[in-house]
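Engineer: Take a look at this one; I'll ask things after.
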Amino acid sequence: MANLMKLCSQCVKWTSEDVTKCPVCGNPLIEARLSSIFWNKISDEEKLEYTKKYLKNTEYIPDDSNKDLHEDAAFRFQGHNGQLYVYPDKLIIERKGLFGMVTNGLAGSKTIPMSSIQNIQFKKASAFFSGFIQFGVLGGIEKQSGITGAISDENSIIFLEECNQQAEEIKEYIENLILSRDRNPSTLQKSDNFSVADEILKLKQLVDMGILTQEEFDAKKKQLLGI
């Protein structure tokens with residue numbers, strides 16, 4: 001999968017490496033919604049022109065710059081409030097467009113490991129009502145069910161009637177992955193080996209990956225500890 005380009009506004013240097021700070025000056029890097037595949041295809045003059053425009057407006061994205069970004073995804077789904085990319089081992093939810101910003105704020109890109117998905121809520125769209133796919137994750141605090149809850153849930157994608165078929169295919173694909181995972185003895189945790197400490201450690205890893213907020217982690221930790 002292509003990486004996103006990152007810019008050091010102080011050195012004006014671009015990189016696609018998995019780092020958060022500039023290796024030259026230590027300045028925090030700005031992540032652009034720009035595919036490294038696209039970046040490597042354009043000329044030095046085009047790179048310079050893009051950099052000038054991006055420094056003036058970090059929302060600027062050249063046309064077709066990200067068409068190859070998720071080229072190896074099993075599904076690429078355009079929702080009403082964002083974009084969903086499905087891989088065998090993870091989901092990526094991106095929020096672009098006005099509706100996505102209004103409903104979920106500046107949520108950016110979120111990656112959910114497939115191993116963390118516990119359940120899926122799904123509702124087809126009709127001519128009058130939007131449909132949704134809502135992912136329940138390990139340790140997550142469930143929000144209100146139905147379309148009202150799905151709109152404000154950062155783990156949900158809202159879609160219109162013409163997307164019903166692909167949305168259902170995605171639901172079945174992920175459910176089959178979950179079923180296969182749960183049937184595989186190597187992925188099951190035996191109850192006699194279970195410990196609260198292990199569960200809390202897993203939840204902390206989800207916080208570090210940005211899947212759970214600190215508040216959700218604290219609430220679940222208290223629940224596990226019985227306090």
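We name chains A, B, ... following the order of the structure tokens; residues begin at 1 in each chain, and ligands are numbered from 1 as shown.
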Leaving out Gly26 (chain A) and any residue of its chain fewer than 5 positions from it, which residues lie within 9 Å of it when counting only C-alpha atoms, given as a ChimeraX atom specification?
Structural biologist: /A:8,20-21
Engineer: Env of Lys124 (chain A): 8 Å cut, atoms = only C-alpha atoms, seq-sep filter 4 positions within chain, self excluded. Answer as a ChimeraX atom specification.
Structural biologist: /A:130-132,161,164,168
Engineer: So that I have them on file, write out the residues from the current selection with N, CA, C and O atoms, as a CSV table (one decimal), in the first residue's frame.
Structural biologist:
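File result.csv, as written:
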```csv
chain,number,residue,atom,x,y,z
A,130,SER,N,-31.0,7.0,4.7
A,130,SER,CA,-29.6,6.5,4.4
A,130,SER,C,-29.4,5.1,5.1
A,130,SER,O,-30.1,4.8,6.1
A,131,GLY,N,-28.5,4.3,4.6
A,131,GLY,CA,-28.1,3.1,5.2
A,131,GLY,C,-26.8,3.3,6.0
A,131,GLY,O,-26.2,4.4,5.9
A,132,PHE,N,-26.3,2.3,6.7
A,132,PHE,CA,-25.0,2.5,7.4
A,132,PHE,C,-24.4,1.1,7.7
A,132,PHE,O,-25.1,0.1,7.8
A,161,GLU,N,-28.8,4.8,-1.3
A,161,GLU,CA,-29.4,3.6,-1.8
A,161,GLU,C,-28.6,2.9,-3.0
A,161,GLU,O,-28.5,1.7,-3.0
A,164,ASN,N,-26.1,0.1,-1.9
A,164,ASN,CA,-26.5,-1.0,-1.1
A,164,ASN,C,-25.8,-2.3,-1.4
A,164,ASN,O,-25.4,-3.1,-0.5
A,168,GLU,N,-23.4,-4.4,1.2
A,168,GLU,CA,-23.7,-5.7,1.7
A,168,GLU,C,-22.6,-6.7,1.4
A,168,GLU,O,-22.3,-7.6,2.2
```
Engineer: Residues within 12 Å of Ile61 (chain A), please, as a ChimeraX atom specification. Count only C-alpha atoms; anything in the same chain fewer than 5 positions from it doesn't count.
Structural biologist: /A:5,31-35,38-39,49-51,53-56,66-67,96
Engineer: Point out the residue among A:Val86, A:Ala219, A:Leu138, A:Leu203 with the least atom-to-atom distance to Glu169 (chain A), counting only C-alpha atoms.
Structural biologist: A:Val86
Engineer: Could you pull the residues within 7 Å of Ile93 (chain A), counting only C-alpha atoms, minus those fewer than 5 positions along the same chain, as number ranges by chain?
Structural biologist: A: 82-85, 109-111
Engineer: Could you list, as a PyMOL selection string, every residue within 12 Å of region 113-117 of chain A, counting only C-alpha atoms and ignoring same-chain residues fewer than 4 positions away?
Structural biologist: chain A and resi 85-93+121+134-140+155+171+173-182+187-188+202-203+205-206+209-212
Engineer: May I have the selected residues written with N, CA and C atoms, as an mmCIF file, in the first residue's frame?
Structural biologist:
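Output below, filename result.cif:
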```cif
data_model
loop_
_atom_site.group_PDB
_atom_site.id
_atom_site.type_symbol
_atom_site.label_atom_id
_atom_site.label_comp_id
_atom_site.auth_asym_id
_atom_site.auth_seq_id
_atom_site.Cartn_x
_atom_site.Cartn_y
_atom_site.Cartn_z
ATOM 1 N N TYR A 85 -11.910 1.766 3.245
ATOM 2 C CA TYR A 85 -11.018 0.872 2.514
ATOM 3 C C TYR A 85 -10.858 -0.398 3.351
ATOM 4 N N VAL A 86 -11.144 -1.534 2.734
ATOM 5 C CA VAL A 86 -11.167 -2.808 3.452
ATOM 6 C C VAL A 86 -10.007 -3.684 2.977
ATOM 7 N N TYR A 87 -9.196 -4.115 3.933
ATOM 8 C CA TYR A 87 -8.094 -5.045 3.687
ATOM 9 C C TYR A 87 -8.345 -6.314 4.497
ATOM 10 N N PRO A 88 -7.669 -7.409 4.179
ATOM 11 C CA PRO A 88 -7.862 -8.637 4.971
ATOM 12 C C PRO A 88 -7.506 -8.480 6.439
ATOM 13 N N ASP A 89 -6.604 -7.551 6.766
ATOM 14 C CA ASP A 89 -6.158 -7.412 8.151
ATOM 15 C C ASP A 89 -6.568 -6.108 8.823
ATOM 16 N N LYS A 90 -7.233 -5.211 8.087
ATOM 17 C CA LYS A 90 -7.605 -3.921 8.690
ATOM 18 C C LYS A 90 -8.632 -3.188 7.842
ATOM 19 N N LEU A 91 -9.230 -2.164 8.473
ATOM 20 C CA LEU A 91 -10.081 -1.197 7.780
ATOM 21 C C LEU A 91 -9.432 0.170 7.907
ATOM 22 N N ILE A 92 -9.614 1.006 6.892
ATOM 23 C CA ILE A 92 -9.194 2.397 6.975
ATOM 24 C C ILE A 92 -10.409 3.257 6.654
ATOM 25 N N ILE A 93 -10.748 4.162 7.577
ATOM 26 C CA ILE A 93 -11.854 5.093 7.369
ATOM 27 C C ILE A 93 -11.277 6.494 7.240
ATOM 28 N N GLN A 121 -23.028 -3.690 12.737
ATOM 29 C CA GLN A 121 -24.431 -3.323 12.569
ATOM 30 C C GLN A 121 -24.602 -2.814 11.145
ATOM 31 N N GLN A 134 -21.786 -0.052 10.729
ATOM 32 C CA GLN A 134 -21.226 0.403 12.008
ATOM 33 C C GLN A 134 -20.410 -0.736 12.605
ATOM 34 N N PHE A 135 -19.140 -0.461 12.914
ATOM 35 C CA PHE A 135 -18.226 -1.488 13.396
ATOM 36 C C PHE A 135 -18.063 -1.392 14.913
ATOM 37 N N GLY A 136 -18.378 -2.485 15.603
ATOM 38 C CA GLY A 136 -18.154 -2.561 17.046
ATOM 39 C C GLY A 136 -16.760 -3.100 17.298
ATOM 40 N N VAL A 137 -15.939 -2.353 18.044
ATOM 41 C CA VAL A 137 -14.550 -2.750 18.259
ATOM 42 C C VAL A 137 -14.307 -3.185 19.687
ATOM 43 N N LEU A 138 -13.251 -3.950 19.879
ATOM 44 C CA LEU A 138 -12.861 -4.457 21.190
ATOM 45 C C LEU A 138 -12.647 -3.304 22.162
ATOM 46 N N GLY A 139 -13.373 -3.359 23.284
ATOM 47 C CA GLY A 139 -13.207 -2.341 24.311
ATOM 48 C C GLY A 139 -13.921 -1.047 24.030
ATOM 49 N N GLY A 140 -14.600 -0.953 22.869
ATOM 50 C CA GLY A 140 -15.285 0.284 22.519
ATOM 51 C C GLY A 140 -16.556 0.471 23.333
ATOM 52 N N ASN A 155 -16.710 5.105 13.931
ATOM 53 C CA ASN A 155 -16.489 3.774 13.364
ATOM 54 C C ASN A 155 -17.600 3.385 12.393
ATOM 55 N N LYS A 171 -20.055 -6.100 4.144
ATOM 56 C CA LYS A 171 -20.539 -6.688 5.397
ATOM 57 C C LYS A 171 -20.275 -8.196 5.417
ATOM 58 N N TYR A 173 -18.145 -9.932 3.621
ATOM 59 C CA TYR A 173 -16.698 -10.189 3.586
ATOM 60 C C TYR A 173 -16.107 -10.112 4.989
ATOM 61 N N ILE A 174 -16.449 -9.058 5.727
ATOM 62 C CA ILE A 174 -15.895 -8.874 7.063
ATOM 63 C C ILE A 174 -16.462 -9.908 8.030
ATOM 64 N N GLU A 175 -17.748 -10.222 7.915
ATOM 65 C CA GLU A 175 -18.342 -11.241 8.785
ATOM 66 C C GLU A 175 -17.679 -12.595 8.572
ATOM 67 N N ASN A 176 -17.336 -12.914 7.330
ATOM 68 C CA ASN A 176 -16.645 -14.171 7.051
ATOM 69 C C ASN A 176 -15.248 -14.181 7.669
ATOM 70 N N LEU A 177 -14.565 -13.032 7.643
ATOM 71 C CA LEU A 177 -13.252 -12.936 8.271
ATOM 72 C C LEU A 177 -13.362 -13.127 9.786
ATOM 73 N N ILE A 178 -14.383 -12.516 10.377
ATOM 74 C CA ILE A 178 -14.595 -12.650 11.829
ATOM 75 C C ILE A 178 -14.911 -14.101 12.181
ATOM 76 N N LEU A 179 -15.779 -14.725 11.381
ATOM 77 C CA LEU A 179 -16.164 -16.115 11.625
ATOM 78 C C LEU A 179 -14.952 -17.041 11.506
ATOM 79 N N SER A 180 -14.139 -16.812 10.488
ATOM 80 C CA SER A 180 -12.933 -17.621 10.302
ATOM 81 C C SER A 180 -11.965 -17.428 11.459
ATOM 82 N N ARG A 181 -11.848 -16.198 11.914
ATOM 83 C CA ARG A 181 -10.961 -15.899 13.053
ATOM 84 C C ARG A 181 -11.438 -16.605 14.313
ATOM 85 N N ASP A 182 -12.737 -16.553 14.580
ATOM 86 C CA ASP A 182 -13.271 -17.131 15.805
ATOM 87 C C ASP A 182 -13.271 -18.655 15.786
ATOM 88 N N THR A 187 -6.493 -18.364 17.449
ATOM 89 C CA THR A 187 -6.858 -16.978 17.715
ATOM 90 C C THR A 187 -7.765 -16.844 18.923
ATOM 91 N N LEU A 188 -8.173 -17.966 19.493
ATOM 92 C CA LEU A 188 -9.071 -17.914 20.640
ATOM 93 C C LEU A 188 -8.286 -17.877 21.934
ATOM 94 N N LYS A 202 -4.275 -4.935 26.128
ATOM 95 C CA LYS A 202 -4.809 -4.876 24.766
ATOM 96 C C LYS A 202 -5.524 -3.547 24.516
ATOM 97 N N LEU A 203 -6.280 -3.105 25.502
ATOM 98 C CA LEU A 203 -7.004 -1.837 25.369
ATOM 99 C C LEU A 203 -6.034 -0.674 25.259
ATOM 100 N N GLN A 205 -3.110 -0.760 23.949
ATOM 101 C CA GLN A 205 -2.564 -0.789 22.598
ATOM 102 C C GLN A 205 -3.527 -0.143 21.609
ATOM 103 N N LEU A 206 -4.832 -0.319 21.838
ATOM 104 C CA LEU A 206 -5.832 0.319 20.979
ATOM 105 C C LEU A 206 -5.812 1.831 21.151
ATOM 106 N N MET A 209 -2.910 3.150 19.185
ATOM 107 C CA MET A 209 -3.170 3.126 17.750
ATOM 108 C C MET A 209 -4.230 4.139 17.344
ATOM 109 N N GLY A 210 -4.842 4.814 18.350
ATOM 110 C CA GLY A 210 -5.848 5.824 18.061
ATOM 111 C C GLY A 210 -7.241 5.284 17.847
ATOM 112 N N ILE A 211 -7.447 4.005 18.150
ATOM 113 C CA ILE A 211 -8.769 3.401 17.964
ATOM 114 C C ILE A 211 -9.688 3.746 19.127
ATOM 115 N N LEU A 212 -9.147 3.778 20.355
ATOM 116 C CA LEU A 212 -9.897 4.176 21.540
ATOM 117 C C LEU A 212 -9.375 5.514 22.047
#
```
Engineer: Quick one: pull the distance between CA of Leu4 (chain A) and CA of Val207 (chain A), Å, one decimal.
Structural biologist: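 Distance between the two atoms: 21.8 Å.
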Engineer: Give me the residues within 10 Å of Asp218 (chain A) as a ChimeraX atom specification, counting only C-alpha atoms and dropping any in the same chain fewer than 5 places off.
Structural biologist: /A:200,203-204,212-213,223-224
Engineer: Just to be explicit: take each residue in the selection above, keep N, CA, C and O atoms, and write the result as an mmCIF file, in the first residue's frame.
Structural biologist:
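To be explicit, this is the file written out as selection_36.cif:
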```cif
data_model
loop_
_atom_site.group_PDB
_atom_site.id
_atom_site.type_symbol
_atom_site.label_atom_id
_atom_site.label_comp_id
_atom_site.auth_asym_id
_atom_site.auth_seq_id
_atom_site.Cartn_x
_atom_site.Cartn_y
_atom_site.Cartn_z
ATOM 1 N N ILE A 200 -6.478 -5.275 29.779
ATOM 2 C CA ILE A 200 -6.143 -3.854 29.896
ATOM 3 C C ILE A 200 -4.986 -3.509 28.974
ATOM 4 O O ILE A 200 -4.959 -2.441 28.347
ATOM 5 N N LEU A 203 -6.280 -3.105 25.502
ATOM 6 C CA LEU A 203 -7.004 -1.837 25.369
ATOM 7 C C LEU A 203 -6.034 -0.674 25.259
ATOM 8 O O LEU A 203 -6.253 0.268 24.489
ATOM 9 N N LYS A 204 -4.932 -0.731 26.019
ATOM 10 C CA LYS A 204 -3.930 0.336 25.956
ATOM 11 C C LYS A 204 -3.303 0.393 24.566
ATOM 12 O O LYS A 204 -3.014 1.483 24.046
ATOM 13 N N LEU A 212 -9.147 3.778 20.355
ATOM 14 C CA LEU A 212 -9.897 4.176 21.540
ATOM 15 C C LEU A 212 -9.375 5.514 22.047
ATOM 16 O O LEU A 212 -8.183 5.803 21.932
ATOM 17 N N THR A 213 -10.271 6.325 22.588
ATOM 18 C CA THR A 213 -9.832 7.552 23.247
ATOM 19 C C THR A 213 -9.398 7.213 24.674
ATOM 20 O O THR A 213 -9.705 6.132 25.195
ATOM 21 N N GLN A 223 -14.369 -0.648 34.444
ATOM 22 C CA GLN A 223 -15.341 -1.740 34.333
ATOM 23 C C GLN A 223 -14.666 -3.083 34.592
ATOM 24 O O GLN A 223 -15.191 -3.938 35.318
ATOM 25 N N LEU A 224 -13.479 -3.291 33.999
ATOM 26 C CA LEU A 224 -12.755 -4.546 34.170
ATOM 27 C C LEU A 224 -12.272 -4.743 35.591
ATOM 28 O O LEU A 224 -12.250 -5.856 36.118
#
```
Engineer: Check the DSSP output for the backbone and give back, as a tab-separated table (two decimals) with C-alpha atoms, in the first residue's frame, the residues of region 32-78 of chain A in helix (DSSP H, G or I).
Structural biologist:
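The resulting out_38.tsv:
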```
chain	number	residue	atom	x	y	z
A	36	SER	CA	3.68	8.53	-2.49
A	37	ILE	CA	2.93	6.69	-5.76
A	38	PHE	CA	1.62	9.92	-7.28
A	39	TRP	CA	4.55	11.91	-5.84
A	40	ASN	CA	7.10	9.62	-7.46
A	41	LYS	CA	5.39	9.95	-10.85
A	44	ASP	CA	10.48	18.12	-10.04
A	45	GLU	CA	8.72	21.21	-11.44
A	46	GLU	CA	5.32	19.75	-10.51
A	47	LYS	CA	6.60	18.88	-7.04
A	48	LEU	CA	7.78	22.48	-6.55
A	49	GLU	CA	4.47	23.88	-7.76
A	50	TYR	CA	2.52	21.55	-5.46
A	51	THR	CA	4.72	22.49	-2.47
A	52	LYS	CA	4.07	26.20	-3.05
A	53	LYS	CA	0.31	25.66	-3.16
A	54	TYR	CA	0.33	23.27	-0.18
A	55	LEU	CA	2.26	25.70	2.05
A	56	LYS	CA	-0.45	28.29	1.36
```
